[in-house]
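Remarks on the structure that follows.
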Amino acid sequence: MRLHRRSAGQALVELALSITFIALLLAGAVDAGLAYKTHQMLTNATAEASSYLGQQPLIACVSGEYVNDVCPRATMKSKADKLAVKHFRSETGDVLKANGMAQLLDLNSDGTNDKTSTDTVLVSSLRAGNWLRFDTADSSQFDPNNPGAFDIAGFTPTTNLTCVDRDRVYAGGKCFIVVRASINYKPFFSIAPFLGDGITIRAYAIKPIVGSP
């Protein structure tokens with residue numbers, strides 16, 4: 001009788017330990033899958049934004065918006081950036097989602113939508129926090145025939161004024177749009193053992209500038 005009770009108790013302890021271990025593994029697997037999905041969505045979103053800016057690097061002002069219809073280059077770039085962010089955000093729709101799902105509307109995961117009450121995208125705020133950046137590169141920084149040589153970790157925006165102004169080409173080569181994005185991914189299961197409280201997921205895309213205002 002004592003041996004039977006001891007065996008039953010041992011079996012219960014082993015079952016409890018096994019279930020806990022299996023639950024941790026499942027939670028980790030689920031969060032790893034969701035994190036990968038978020039990375040894929042972020043990659044697609046940067047590609048969408050860079051494609052748009054490559055085609056529409058500048059948006060001209062409407063007639064009468066400025067005196068003598070002189071539209072500042074900075075304004076044209078800002079207009080294009082706002083529309084590019086809308087293309088970026090369109091990858092997940094217009095509704096914030098729960099933890100564990102891609103949050104392209106809430107890159108810093110502060111629980112609020114990354115736009116104002118008037119639905120104007122906060123491009124400057126996103127850029128200031130390095131959540132979403134639109135920059136330019138020149139041919140000395142990126143070779144489309146050898147894209148694997150490009151190092152995004154060491155990239156700094158070009159100082160070539162032609163490319164900074166988002167023109168197509170300059171005397172020595174072509175200009176490119178570089179879109180970089182980061183998102184603070186919060187695990188769906190707080191017990192996921194190898195993700196901790198959250199991880200930063202990053203993606204980027206590069207496209208040649210082929211359009212004009």
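Each chain in the structure tokens gets a letter, A, B, ..., in the order shown, and its residues are numbered from 1; ligands are numbered from 1 in order too.
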Subject >> For region 137-154 of chain A: contacts at 9 Å, only C-alpha atoms, fewer than 3 positions along chain excluded, given as a list in words >> reply: Pro157, Thr158, Thr159, Asn160, Cys163, Val164, Val169, Tyr170, Gly172, Gly173, Lys174, Cys175, Phe176, Ile177, Val178, Arg180, Tyr204, Ile206, Lys207 and Pro208 of chain A
Output C-alpha atoms of each residue in that selection to a file, as a PDB file, in the first residue's frame.
```pdb
ATOM      1  CA  PRO A 157      22.379  58.989 -45.039  1.00  0.00           C
ATOM      2  CA  THR A 158      24.197  60.429 -48.037  1.00  0.00           C
ATOM      3  CA  THR A 159      25.407  64.019 -48.048  1.00  0.00           C
ATOM      4  CA  ASN A 160      25.136  64.203 -51.833  1.00  0.00           C
ATOM      5  CA  CYS A 163      20.202  62.628 -53.645  1.00  0.00           C
ATOM      6  CA  VAL A 164      19.201  64.527 -50.511  1.00  0.00           C
ATOM      7  CA  VAL A 169      20.679  60.833 -60.832  1.00  0.00           C
ATOM      8  CA  TYR A 170      23.804  62.912 -60.372  1.00  0.00           C
ATOM      9  CA  GLY A 172      28.541  60.061 -60.624  1.00  0.00           C
ATOM     10  CA  GLY A 173      25.579  57.728 -60.354  1.00  0.00           C
ATOM     11  CA  LYS A 174      22.038  57.132 -59.093  1.00  0.00           C
ATOM     12  CA  CYS A 175      20.085  58.055 -55.978  1.00  0.00           C
ATOM     13  CA  PHE A 176      18.228  55.588 -53.761  1.00  0.00           C
ATOM     14  CA  ILE A 177      15.547  55.651 -51.084  1.00  0.00           C
ATOM     15  CA  VAL A 178      16.382  53.768 -47.873  1.00  0.00           C
ATOM     16  CA  ARG A 180      14.343  51.564 -42.067  1.00  0.00           C
ATOM     17  CA  TYR A 204      14.903  47.785 -44.183  1.00  0.00           C
ATOM     18  CA  ILE A 206      16.225  50.077 -50.684  1.00  0.00           C
ATOM     19  CA  LYS A 207      14.774  51.223 -53.999  1.00  0.00           C
ATOM     20  CA  PRO A 208      16.161  53.481 -56.746  1.00  0.00           C
TER      21      PRO A 208
END
```
**OP:** Find the spatial neighbours of Ala45 (chain A), counting only C-alpha atoms, within a cut-off of 10 Å - ignore same-chain residues fewer than 3 positions away - and output them as an MDAnalysis selection string.
**Re:** chainID A and resid 39:42 48:51 84:92 104 179:181 203:205
**OP:** Tell me, in Å to one decimal, how far CA of Ile199 (chain A) is from CA of Thr20 (chain A).
**Re:**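 Distance reported for this atom pair: 23.6 Å.
Between CA of Thr200 (chain A) and CA of Arg166 (chain A) lies a distance of 29.5 Å.
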**OP:** From a DSSP calculation on the backbone, collect every residue of region 126-190 of chain A in helix (DSSP H, G or I) and output the set as a PyMOL selection string.
**Re:** chain A and resi 126-128+147-149+152-154+161-164
Original post:
What separation in Å, quoted to one decimal, exists between CA of Gln55 (chain A) and CA of Ile209 (chain A)?
Top reply: 6.5 Å
Subject >> Distance criterion (only C-alpha atoms): nearest to Gly211 (chain A) out of A:Gln56, A:Thr162, A:Ser18, A:Ser182 >> reply: A:Gln56
Original post:
With only C-alpha atoms as the basis for distance, which of A:Ile183, A:Ile19, A:Ile59, A:Ala35 is at the shortest distance from Thr75 (chain A)?
Top reply: A:Ile59
